[in-house]
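Chemist: For reference, the file protein.cif (mmCIF, C-alpha atoms and all ligand atoms) is included below:
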data_target
loop_
_atom_site.label_atom_id
_atom_site.label_comp_id
_atom_site.auth_asym_id
_atom_site.auth_seq_id
_atom_site.Cartn_x
_atom_site.Cartn_y
_atom_site.Cartn_z
CA MET A 1 40.62 12.19 13.89
CA SER A 2 38.33 9.26 14.64
CA ASN A 3 41.29 7.05 15.57
CA TYR A 4 42.14 9.30 18.46
CA LEU A 5 38.64 10.17 19.48
CA PRO A 6 36.49 7.04 19.47
CA LEU A 7 33.49 9.08 20.61
CA TRP A 8 33.40 10.40 17.07
CA PRO A 9 33.19 7.31 14.85
CA ASP A 10 33.88 7.40 11.13
CA PRO A 11 30.85 8.81 9.32
CA ALA A 12 29.63 6.05 6.99
CA SER A 13 26.10 6.97 5.91
CA THR A 14 24.50 9.88 4.07
CA MET A 15 22.90 10.98 7.34
CA ALA A 16 26.12 11.03 9.37
CA GLY A 17 27.48 14.31 7.99
CA GLN A 18 24.22 16.13 8.68
CA VAL A 19 23.96 14.85 12.23
CA ASP A 20 27.59 15.78 12.88
CA ALA A 21 27.09 19.27 11.46
CA LEU A 22 24.10 19.87 13.72
CA TYR A 23 26.03 18.48 16.68
CA ILE A 24 29.02 20.74 16.03
CA TYR A 25 26.68 23.71 15.67
CA LEU A 26 25.10 22.89 19.06
CA LEU A 27 28.55 22.62 20.63
CA LEU A 28 29.69 25.90 19.11
CA VAL A 29 26.60 27.86 20.15
CA SER A 30 26.67 26.40 23.69
CA GLY A 31 30.41 27.07 23.90
CA LEU A 32 29.95 30.64 22.74
CA MET A 33 27.11 31.23 25.23
CA THR A 34 29.18 29.78 28.05
CA ALA A 35 32.14 31.96 27.13
CA LEU A 36 29.98 35.10 26.97
CA ILE A 37 28.40 34.42 30.36
CA PHE A 38 31.73 33.73 32.06
CA LEU A 39 33.23 36.79 30.41
CA ALA A 40 30.36 38.96 31.61
CA VAL A 41 30.67 37.58 35.16
CA ALA A 42 34.40 38.30 35.21
CA VAL A 43 34.23 41.76 33.63
CA LEU A 44 31.30 42.94 35.74
CA ALA A 45 32.84 41.55 38.93
CA ILE A 46 35.94 43.60 38.32
CA LYS A 47 34.20 46.68 37.00
CA TYR A 48 31.75 46.92 39.91
CA ARG A 49 34.03 45.68 42.65
CA ARG A 50 33.88 47.44 45.99
CA VAL A 51 35.69 50.73 45.88
CA PRO A 52 35.84 52.98 48.94
CA GLY A 53 33.52 55.92 48.43
CA ARG A 54 31.38 54.32 45.65
CA ASP A 55 27.67 53.98 46.49
CA ALA A 56 25.57 51.09 45.26
CA HIS A 57 22.20 52.04 43.79
CA GLN A 58 19.33 49.98 42.48
CA ILE A 59 18.40 49.93 38.75
CA GLU A 60 14.64 49.46 38.32
CA GLY A 61 14.44 47.22 35.26
CA SER A 62 14.78 47.91 31.54
CA THR A 63 12.13 46.66 29.15
CA ILE A 64 14.38 46.83 26.08
CA LEU A 65 17.05 44.78 27.82
CA GLU A 66 14.61 42.17 29.11
CA VAL A 67 12.84 41.75 25.80
CA SER A 68 16.08 41.41 23.89
CA TRP A 69 17.61 38.81 26.20
CA SER A 70 14.45 36.76 25.85
CA VAL A 71 13.78 37.19 22.15
CA ILE A 72 17.31 36.81 20.80
CA PRO A 73 18.02 33.49 22.56
CA PHE A 74 14.56 32.33 21.54
CA PHE A 75 15.42 32.72 17.85
CA ILE A 76 18.81 31.09 18.40
CA MET A 77 17.10 28.08 20.05
CA LEU A 78 14.62 27.98 17.20
CA THR A 79 17.48 27.28 14.76
CA PHE A 80 18.26 24.12 16.80
CA PHE A 81 14.67 23.07 16.55
CA ILE A 82 14.24 23.74 12.83
CA TRP A 83 17.52 22.15 11.82
CA GLY A 84 16.85 19.17 14.10
CA ALA A 85 13.31 18.73 12.75
CA VAL A 86 14.53 18.77 9.14
CA ILE A 87 17.02 15.98 9.88
CA PHE A 88 14.46 14.09 11.96
CA PHE A 89 11.88 14.02 9.18
CA GLU A 90 14.45 12.94 6.63
CA GLU A 91 15.55 10.15 8.95
CA ARG A 92 11.97 9.02 9.60
CA THR A 93 10.88 8.91 5.94
CA PRO A 94 12.23 5.90 4.07
CA PRO A 95 12.59 6.57 0.33
CA ALA A 96 10.14 4.61 -1.83
CA ASP A 97 12.92 2.82 -3.70
CA ALA A 98 14.53 1.39 -0.55
CA THR A 99 15.45 -2.30 -0.45
CA GLU A 100 13.72 -3.91 2.51
CA VAL A 101 15.42 -6.03 5.12
CA TYR A 102 13.60 -7.64 8.04
CA VAL A 103 15.18 -7.62 11.49
CA VAL A 104 14.03 -9.75 14.43
CA ALA A 105 15.64 -8.99 17.77
CA LYS A 106 15.64 -11.47 20.64
CA GLN A 107 17.58 -11.98 23.85
CA TRP A 108 20.37 -11.68 22.85
CA MET A 109 20.91 -11.59 19.13
CA TRP A 110 19.90 -9.92 15.89
CA LYS A 111 18.31 -12.07 13.19
CA ILE A 112 18.39 -10.55 9.72
CA GLU A 113 16.25 -11.70 6.79
CA HIS A 114 16.88 -10.31 3.33
CA ILE A 115 14.02 -10.17 0.84
CA GLU A 116 16.14 -12.36 -1.44
CA GLY A 117 16.08 -15.05 1.24
CA GLN A 118 19.50 -14.78 2.89
CA HIS A 119 19.53 -15.12 6.65
CA GLU A 120 22.19 -13.69 8.90
CA ILE A 121 22.81 -13.58 12.63
CA ASN A 122 24.46 -10.53 14.19
CA GLU A 123 25.64 -9.40 10.76
CA LEU A 124 23.99 -7.29 8.12
CA HIS A 125 25.55 -7.08 4.67
CA VAL A 126 24.56 -4.07 2.58
CA PRO A 127 25.91 -2.43 -0.57
CA THR A 128 27.08 1.17 -0.70
CA GLY A 129 24.93 3.73 -2.46
CA GLN A 130 21.61 1.95 -2.00
CA ASN A 131 18.76 2.95 0.26
CA ILE A 132 18.05 0.22 2.79
CA LYS A 133 14.90 0.10 4.89
CA LEU A 134 14.93 -2.07 8.00
CA ILE A 135 11.58 -3.43 9.19
CA MET A 136 12.21 -4.45 12.76
CA THR A 137 10.43 -6.28 15.54
CA SER A 138 11.34 -8.06 18.77
CA GLN A 139 10.46 -11.56 19.95
CA ASP A 140 10.70 -10.66 23.63
CA VAL A 141 11.61 -7.34 25.25
CA ILE A 142 12.49 -3.88 23.95
CA HIS A 143 15.84 -3.66 22.17
CA SER A 144 17.37 -0.82 20.21
CA PHE A 145 19.22 -1.01 16.90
CA TYR A 146 22.15 1.37 17.08
CA ILE A 147 24.85 2.01 14.45
CA PRO A 148 27.12 4.81 15.67
CA ALA A 149 28.94 5.11 12.33
CA PHE A 150 25.59 5.83 10.63
CA ARG A 151 24.44 8.10 13.51
CA LEU A 152 21.23 6.10 13.67
CA LYS A 153 19.31 4.47 16.50
CA GLN A 154 15.82 3.03 16.62
CA ASP A 155 14.00 1.13 19.35
CA VAL A 156 12.83 -2.36 18.41
CA LEU A 157 9.57 -3.32 20.09
CA PRO A 158 7.73 -6.59 20.62
CA GLY A 159 4.31 -6.77 18.98
CA ARG A 160 4.83 -4.19 16.26
CA TYR A 161 7.17 -3.02 13.54
CA THR A 162 9.44 -0.03 13.69
CA THR A 163 11.50 1.04 10.71
CA LEU A 164 14.86 2.64 10.05
CA TRP A 165 16.49 3.56 6.77
CA PHE A 166 19.97 4.51 5.65
CA LYS A 167 22.29 4.72 2.69
CA ALA A 168 25.81 3.52 3.46
CA THR A 169 28.60 5.47 1.82
CA LYS A 170 31.84 3.73 2.76
CA PRO A 171 32.75 0.03 2.56
CA GLY A 172 33.83 -1.36 5.90
CA ARG A 173 32.70 -3.14 9.04
CA TYR A 174 30.76 -1.05 11.53
CA HIS A 175 29.61 -1.80 15.05
CA LEU A 176 26.01 -2.64 15.71
CA PHE A 177 24.91 -2.29 19.32
CA CYS A 178 21.77 -2.97 21.28
CA ALA A 179 21.15 0.37 22.96
CA GLU A 180 18.30 -0.60 25.27
CA TYR A 181 19.08 -2.57 28.42
CA CYS A 182 17.48 -5.94 27.70
CA GLY A 183 18.77 -8.42 30.29
CA THR A 184 21.86 -10.28 31.44
CA MET A 185 23.67 -10.47 28.12
CA HIS A 186 22.63 -7.05 26.87
CA SER A 187 26.23 -5.87 26.59
CA GLY A 188 27.00 -8.83 24.34
CA MET A 189 24.10 -8.15 22.00
CA GLY A 190 26.09 -6.63 19.21
CA GLY A 191 27.10 -7.33 15.69
CA ASP A 192 28.51 -5.86 12.52
CA ILE A 193 27.13 -3.95 9.60
CA VAL A 194 29.24 -5.05 6.65
CA VAL A 195 29.15 -2.43 3.92
CA MET A 196 30.39 -3.67 0.54
CA GLU A 197 30.91 -2.28 -2.95
CA PRO A 198 27.83 -3.16 -5.04
CA GLN A 199 29.69 -5.77 -7.14
CA ASP A 200 31.10 -7.49 -4.02
CA TYR A 201 27.67 -7.41 -2.50
CA ALA A 202 26.13 -9.04 -5.59
CA LEU A 203 28.70 -11.83 -5.30
CA TRP A 204 27.97 -12.25 -1.61
CA MET A 205 24.23 -12.42 -2.35
CA ALA A 206 24.70 -14.97 -5.10
CA GLY A 207 26.81 -17.12 -2.77
CA GLY A 208 24.05 -17.90 -0.31
CA ALA A 209 21.20 -18.33 -2.75
CA SER A 210 18.01 -19.42 -1.02
CA ASN A 211 14.28 -19.00 -1.20
CA PRO A 212 13.21 -15.33 -1.46
CA LEU A 213 11.20 -14.15 1.55
CA PRO A 214 7.98 -13.49 -0.43
CA GLU A 215 8.21 -17.07 -1.83
CA THR A 216 8.42 -18.42 1.72
CA GLY A 217 5.42 -16.25 2.53
CA LYS A 218 3.51 -17.53 -0.48
CA ALA A 219 4.05 -21.13 0.64
CA LEU A 220 2.87 -20.23 4.17
CA PHE A 221 -0.13 -18.43 2.73
CA ALA A 222 -1.18 -21.71 1.14
CA SER A 223 -0.22 -24.07 3.99
CA LEU A 224 -1.90 -21.97 6.70
CA GLY A 225 -5.10 -21.85 4.68
CA CYS A 226 -5.09 -18.09 4.10
CA SER A 227 -5.66 -18.73 0.41
CA THR A 228 -8.97 -20.51 1.07
CA CYS A 229 -10.53 -17.19 2.13
CA HIS A 230 -8.26 -14.70 0.40
CA ARG A 231 -8.71 -15.78 -3.19
CA SER A 232 -7.46 -13.90 -6.17
CA ASP A 233 -8.77 -16.35 -8.77
CA VAL A 234 -12.42 -15.52 -8.15
CA GLN A 235 -12.84 -11.76 -8.00
CA GLY A 236 -14.98 -10.74 -5.04
CA GLU A 237 -16.06 -14.31 -4.27
CA GLY A 238 -13.72 -15.20 -1.41
CA ARG A 239 -14.78 -14.95 2.21
CA GLY A 240 -11.96 -12.48 2.80
CA PRO A 241 -10.78 -9.55 0.69
CA ASP A 242 -8.42 -10.13 -2.24
CA LEU A 243 -5.07 -9.02 -0.86
CA ALA A 244 -3.53 -7.99 -4.18
CA GLY A 245 -2.89 -4.26 -4.18
CA VAL A 246 -3.85 -3.84 -0.52
CA TYR A 247 -0.44 -2.85 0.82
CA ASN A 248 0.12 0.85 1.35
CA LYS A 249 -3.38 1.71 0.15
CA PRO A 250 -6.22 3.19 2.22
CA VAL A 251 -8.61 0.55 3.59
CA LYS A 252 -12.19 1.42 4.55
CA LEU A 253 -13.18 -0.16 7.85
CA GLU A 254 -16.56 -1.36 9.09
CA ASP A 255 -16.63 1.40 11.74
CA GLY A 256 -16.25 4.10 9.08
CA ARG A 257 -12.58 4.86 9.62
CA THR A 258 -10.04 4.68 6.81
CA VAL A 259 -6.52 3.45 7.56
CA ILE A 260 -3.41 2.97 5.45
CA ALA A 261 -2.48 -0.69 5.08
CA ASP A 262 1.13 -0.34 6.19
CA GLU A 263 3.31 -3.11 7.61
CA ASN A 264 1.84 -2.74 11.08
CA TYR A 265 -1.70 -2.96 9.70
CA VAL A 266 -0.95 -6.20 7.84
CA ARG A 267 0.75 -7.58 10.92
CA GLU A 268 -2.19 -6.71 13.13
CA SER A 269 -4.66 -8.15 10.59
CA ILE A 270 -2.95 -11.51 10.97
CA LEU A 271 -2.46 -11.55 14.75
CA ASP A 272 -5.56 -9.68 15.85
CA PRO A 273 -8.02 -9.75 12.91
CA THR A 274 -10.96 -8.31 14.85
CA ALA A 275 -9.06 -5.14 15.80
CA LYS A 276 -9.91 -3.60 12.43
CA ILE A 277 -12.66 -5.14 10.31
CA VAL A 278 -12.60 -4.36 6.61
CA SER A 279 -15.82 -2.72 5.45
CA GLY A 280 -18.18 -5.21 3.80
CA PHE A 281 -16.67 -8.31 5.41
CA LYS A 282 -17.62 -10.46 8.39
CA PRO A 283 -15.18 -10.93 11.30
CA VAL A 284 -14.63 -14.59 10.43
CA MET A 285 -10.85 -14.56 10.15
CA PRO A 286 -9.23 -16.61 12.93
CA THR A 287 -6.28 -15.17 14.79
CA PHE A 288 -2.84 -16.54 13.96
CA GLN A 289 -1.37 -15.36 17.24
CA GLY A 290 0.79 -18.19 18.59
CA ILE A 291 0.54 -20.07 15.29
CA VAL A 292 2.99 -18.02 13.23
CA ASN A 293 6.28 -16.84 14.70
CA ASP A 294 7.93 -13.53 13.88
CA ASP A 295 9.96 -14.96 11.01
CA GLN A 296 6.86 -16.45 9.39
CA LEU A 297 4.95 -13.25 9.99
CA ASN A 298 7.66 -11.31 8.18
CA ALA A 299 7.47 -13.72 5.26
CA LEU A 300 3.68 -13.32 5.06
CA VAL A 301 4.01 -9.52 5.20
CA ALA A 302 6.69 -9.61 2.49
CA TYR A 303 4.44 -11.79 0.34
CA ILE A 304 1.41 -9.52 0.74
CA LYS A 305 3.60 -6.53 -0.12
CA SER A 306 4.88 -8.28 -3.23
CA LEU A 307 1.27 -8.78 -4.35
CA ALA A 308 0.65 -5.08 -4.05
CA GLN A 309 3.61 -4.20 -6.17
CA SER A 310 2.86 -6.54 -9.06
CA SER A 311 -0.79 -5.76 -9.62
CA SER A 312 -1.19 -1.99 -9.46
CA GLY A 313 -4.36 -1.31 -11.39
CA GLN A 314 -4.83 -4.40 -13.50
CA PRO A 315 -6.73 -7.44 -12.28
CA SER A 316 -4.40 -9.81 -10.51
CA GLN A 317 -3.27 -12.90 -12.36
CA GLY A 318 -3.62 -15.93 -10.16
CA THR A 319 -1.44 -15.79 -7.10
CA ALA A 320 1.05 -13.81 -9.13
CA GLY A 321 3.51 -11.53 -7.49
CA LEU A 322 6.96 -12.90 -7.93
CA GLU A 323 6.67 -13.80 -11.57
CA ASN A 324 6.79 -10.09 -12.32
CA GLN A 325 9.67 -7.85 -11.38
CA PRO A 326 8.40 -5.91 -8.36
CA THR A 327 7.83 -2.32 -9.37
CA THR A 328 7.26 0.90 -7.51
CA PRO A 329 4.12 2.92 -8.23
CA ALA A 330 6.18 4.91 -10.74
CA GLY A 331 6.96 1.71 -12.61
CA GLN A 332 10.63 1.75 -11.71
CA PRO A 333 12.17 -1.66 -11.06
CA GLN A 334 13.01 -2.10 -7.41
CA ASN A 335 15.91 -4.05 -5.98
CA VAL A 336 17.95 -3.40 -9.09
CA GLN A 337 21.04 -4.40 -7.21
CA VAL A 338 20.54 -8.13 -7.06
CA GLN A 339 18.35 -10.49 -8.98
CU CU B 401 18.91 -5.99 23.34
#
Mind converting the file's structure to C-alpha cells?
Ligand SMILES: [Cu+2]

Modeler:
Amino acid sequence: MSNYLPLWPDPASTMAGQVDALYIYLLLVSGLMTALIFLAVAVLAIKYRRVPGRDAHQIEGSTILEVSWSVIPFFIMLTFFIWGAVIFFEERTPPADATEVYVVAKQWMWKIEHIEGQHEINELHVPTGQNIKLIMTSQDVIHSFYIPAFRLKQDVLPGRYTTLWFKATKPGRYHLFCAEYCGTMHSGMGGDIVVMEPQDYALWMAGGASNPLPETGKALFASLGCSTCHRSDVQGEGRGPDLAGVYNKPVKLEDGRTVIADENYVRESILDPTAKIVSGFKPVMPTFQGIVNDDQLNALVAYIKSLAQSSSGQPSQGTAGLENQPTTPAGQPQNVQVQ
C-alpha cells in the first residue's frame, strides 16, 4: 500500500504500528460521526419537510437527550486521550538498556556521534532489534528530528538536550527530515536512517574504528583541568565532588532542593556551574561556556555517565570507567551489540 500512498510510509519501528492503529481509530470514529451527522441531517430534512396542513410546534428541551449527547461523546473522546497518553508515555520513556547516540543539529546538517566513536553526517546507522536513545542538541536554532517511517518526531533545541528513543524493526534506508523551519536551506536538511541486520551493523562499526566517545571525554576531562578539582584518587579531598556515580542519581543542592543528575543537569553544571550548587561545596567552578563546543560537551557527558555505570556502590578505582564493561544498575552488560 505504501508505494501508492506515500503519506503512509512503511512502518519500520516498534512504535509505528501503535501510532498507525491509533490514527486509524481516530479516522474511523471521525468518519462514523461525520456519516451519522450527515445521515441525520438528510433524514430529518426529508421527514420534517414542509407539508401543506402540517403545523410546526416547539419542543421545550429534553434532559435525557441532552445529557446523553454530552456524556456519550465525552467517553468516546476519552478513549482518544487514554490511548494517546499510553503511546505518548511509552515514546517518552527510553528503556534503561538503550544504546546512546549523540546528535548535534546545525544549519543545515545532522552530526551523529556514536558512543563507540564513529562520526556520521546526515546518516545514522543502527541495528534492528536494539533500543536506541538519541541525545540531541542544536548548535544554533531550533530544529526537529523527524523519521516518518518510525512515526517519531522530536524538537532539537539549542542550550539543552532532548531525547528520543526507538527500536528499528526492518532493515532499509529511511528518510530523516528536519521538521522545524530553520533557515534558507531548511528543506535540504535531511538525511537517512540506515537500519541494518545486527551482524552487518557490527561489521560496519568495526570498519570505522575510532576513539570511543567516553575516552575522548576522559582526555578532555584531563586537558581542561576538570580532574584537578574533581578527583577520584583522594576520596572527599578534591575541591569539587567526585563525579563517579553521580549520573542519574539525586544530588542535594546548597539551597535545599534535590535534583536528578540527568544529561541536562551535567550539561548545565559545565556551562553554568553556579545555576545549581552542590550541597557542601563552594561555587568555585569556572564556566566552560564558549570553551567547549557541543561535540566536546557530549564527550564530557558521555565520560561522566560512563563513570556512573562502572562504580555503582564500590569506591571508584582511579579514573576508571572504560576499563570495566559498562553495566546497568541491574548488572546487565550494556551495548552488547558491538565491542
Ligand atoms: Cu533544521

Chemist: How many Å lie between CA of Met189 in chain A and CA of Gly172 in chain A, rounded to one decimal?

Modeler: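 Computing the Euclidean distance for CA of Met189 in chain A and CA of Gly172 in chain A yields 20.0 Å.
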
Chemist: What is the CA of Leu300 in chain A-CA of Pro214 in chain A distance in Å, reported with one decimal?

Modeler: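 Atom-to-atom, CA of Leu300 in chain A and CA of Pro214 in chain A are spaced 7.0 Å apart.
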
Chemist: Under the rule that only C-alpha atoms and all ligand atoms are counted, which of A:Ile24, A:Met185, A:Ala299, A:Leu224 is the nearest residue to ligand CU 401 (chain B)?

Modeler: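 Comparing A:Ile24, A:Met185, A:Ala299, A:Leu224 against ligand CU 401 (chain B), the winner is A:Met185.
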
Chemist: I'd like to know which of A:Ile37, A:Ala56, A:Leu176, A:Leu297 is closest to ligand CU 401 (chain B), using all atoms listed in the file.

Modeler: A:Leu176

Chemist: Ranking A:Phe145, A:Phe281, A:Tyr174, A:Phe150 by minimum distance to ligand CU 401 (chain B) and counting only C-alpha atoms and all ligand atoms, which one comes first?

Modeler: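 Distance minimum relative to ligand CU 401 (chain B) lands on A:Phe145.
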
Chemist: Rank A:Tyr201, A:Phe166, A:Trp108, A:Phe38 by their smallest atom-to-atom distance to ligand CU 401 (chain B), using all atoms listed in the file, and report the top residue only.

Modeler: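 Closest to ligand CU 401 (chain B) of all the choices is A:Trp108.
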
Chemist: With distances taken over only C-alpha atoms and all ligand atoms, which of A:Ser144, A:Asn248, A:Asn298, A:Thr63 is nearest to ligand CU 401 (chain B)?

Modeler: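 Comparing A:Ser144, A:Asn248, A:Asn298, A:Thr63 against ligand CU 401 (chain B), the winner is A:Ser144.
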
Chemist: So which residues are near ligand CU 401 (chain B), meaning at most 12 Å away with all atoms listed in the file counted, given back as number ranges by chain?

Modeler: A: 104-111, 122, 137-146, 154-158, 176-191

Chemist: Out of A:Leu28, A:Ala45, A:Val246, A:Met205, which residue has the shortest atom-to-atom distance to His125 in chain A when counting only C-alpha atoms?

Modeler: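 Closest to His125 in chain A of all the choices is A:Met205.
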
Chemist: Near Gly256 in chain A, within 12 Å and counting all atoms listed in the file, which residues show up once chain neighbours fewer than 4 positions away are dropped, as a PyMOL selection string?

Modeler: chain A and resi 251-252+276-280

Chemist: Could you state the separation of CA of Val29 in chain A and CA of Ser13 in chain A in Å, given to one decimal place?

Modeler: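 Going from CA of Val29 in chain A over to CA of Ser13 in chain A, I get 25.3 Å.
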
Chemist: Could you tell me, as an NGL selection string, which residues have any atom at most 8 Å from (20.6, 11.0, 5.7), counting only C-alpha atoms?

Modeler: :A and (13-18 or 87 or 90-91 or 166-167)

Chemist: If you count all atoms listed in the file, which residues fall within 10 Å of range 258-274 of chain A, apart from same-chain ones fewer than 2 positions away, as a PDB file with C-alpha atoms, in the coordinates of the input?

Modeler:
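And here is the file that came out, result_14.pdb:
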ATOM      1  CA  ILE A 135      11.580  -3.430   9.190  1.00  0.00           C
ATOM      2  CA  GLY A 159       4.310  -6.770  18.980  1.00  0.00           C
ATOM      3  CA  ARG A 160       4.830  -4.190  16.260  1.00  0.00           C
ATOM      4  CA  TYR A 161       7.170  -3.020  13.540  1.00  0.00           C
ATOM      5  CA  THR A 162       9.440  -0.030  13.690  1.00  0.00           C
ATOM      6  CA  THR A 163      11.500   1.040  10.710  1.00  0.00           C
ATOM      7  CA  CYS A 226      -5.090 -18.090   4.100  1.00  0.00           C
ATOM      8  CA  GLY A 245      -2.890  -4.260  -4.180  1.00  0.00           C
ATOM      9  CA  VAL A 246      -3.850  -3.840  -0.520  1.00  0.00           C
ATOM     10  CA  TYR A 247      -0.440  -2.850   0.820  1.00  0.00           C
ATOM     11  CA  ASN A 248       0.120   0.850   1.350  1.00  0.00           C
ATOM     12  CA  LYS A 249      -3.380   1.710   0.150  1.00  0.00           C
ATOM     13  CA  PRO A 250      -6.220   3.190   2.220  1.00  0.00           C
ATOM     14  CA  VAL A 251      -8.610   0.550   3.590  1.00  0.00           C
ATOM     15  CA  LYS A 252     -12.190   1.420   4.550  1.00  0.00           C
ATOM     16  CA  LEU A 253     -13.180  -0.160   7.850  1.00  0.00           C
ATOM     17  CA  GLU A 254     -16.560  -1.360   9.090  1.00  0.00           C
ATOM     18  CA  ASP A 255     -16.630   1.400  11.740  1.00  0.00           C
ATOM     19  CA  GLY A 256     -16.250   4.100   9.080  1.00  0.00           C
ATOM     20  CA  LYS A 276      -9.910  -3.600  12.430  1.00  0.00           C
ATOM     21  CA  ILE A 277     -12.660  -5.140  10.310  1.00  0.00           C
ATOM     22  CA  VAL A 278     -12.600  -4.360   6.610  1.00  0.00           C
ATOM     23  CA  SER A 279     -15.820  -2.720   5.450  1.00  0.00           C
ATOM     24  CA  LYS A 282     -17.620 -10.460   8.390  1.00  0.00           C
ATOM     25  CA  PRO A 283     -15.180 -10.930  11.300  1.00  0.00           C
ATOM     26  CA  VAL A 284     -14.630 -14.590  10.430  1.00  0.00           C
ATOM     27  CA  MET A 285     -10.850 -14.560  10.150  1.00  0.00           C
ATOM     28  CA  PRO A 286      -9.230 -16.610  12.930  1.00  0.00           C
ATOM     29  CA  THR A 287      -6.280 -15.170  14.790  1.00  0.00           C
ATOM     30  CA  PHE A 288      -2.840 -16.540  13.960  1.00  0.00           C
ATOM     31  CA  GLN A 289      -1.370 -15.360  17.240  1.00  0.00           C
ATOM     32  CA  GLY A 290       0.790 -18.190  18.590  1.00  0.00           C
ATOM     33  CA  ILE A 291       0.540 -20.070  15.290  1.00  0.00           C
ATOM     34  CA  VAL A 292       2.990 -18.020  13.230  1.00  0.00           C
ATOM     35  CA  ASP A 294       7.930 -13.530  13.880  1.00  0.00           C
ATOM     36  CA  LEU A 297       4.950 -13.250   9.990  1.00  0.00           C
ATOM     37  CA  ASN A 298       7.660 -11.310   8.180  1.00  0.00           C
ATOM     38  CA  LEU A 300       3.680 -13.320   5.060  1.00  0.00           C
ATOM     39  CA  VAL A 301       4.010  -9.520   5.200  1.00  0.00           C
ATOM     40  CA  ALA A 302       6.690  -9.610   2.490  1.00  0.00           C
ATOM     41  CA  ILE A 304       1.410  -9.520   0.740  1.00  0.00           C
ATOM     42  CA  LYS A 305       3.600  -6.530  -0.120  1.00  0.00           C
TER      43      LYS A 305
END

Chemist: Would you compute the box with edges along x, y and z of the file around range 34-50 of chain A, including every atom the file lists for it and 3 Å extra on each side, and give its centre and edge lengths in Å to one decimal, as lines of an AutoDock Vina configuration file?

Modeler:
center_x = 32.2
center_y = 38.6
center_z = 36.5
size_x = 13.5
size_y = 23.7
size_z = 25.0

Chemist: With 8 Å as the threshold, what does the neighbourhood of (14.0, -16.6, -0.9) contain in terms of residues, counting only C-alpha atoms? Coordinates are those of the file; answer as number ranges by chain.

Modeler: A: 115-118, 209-216
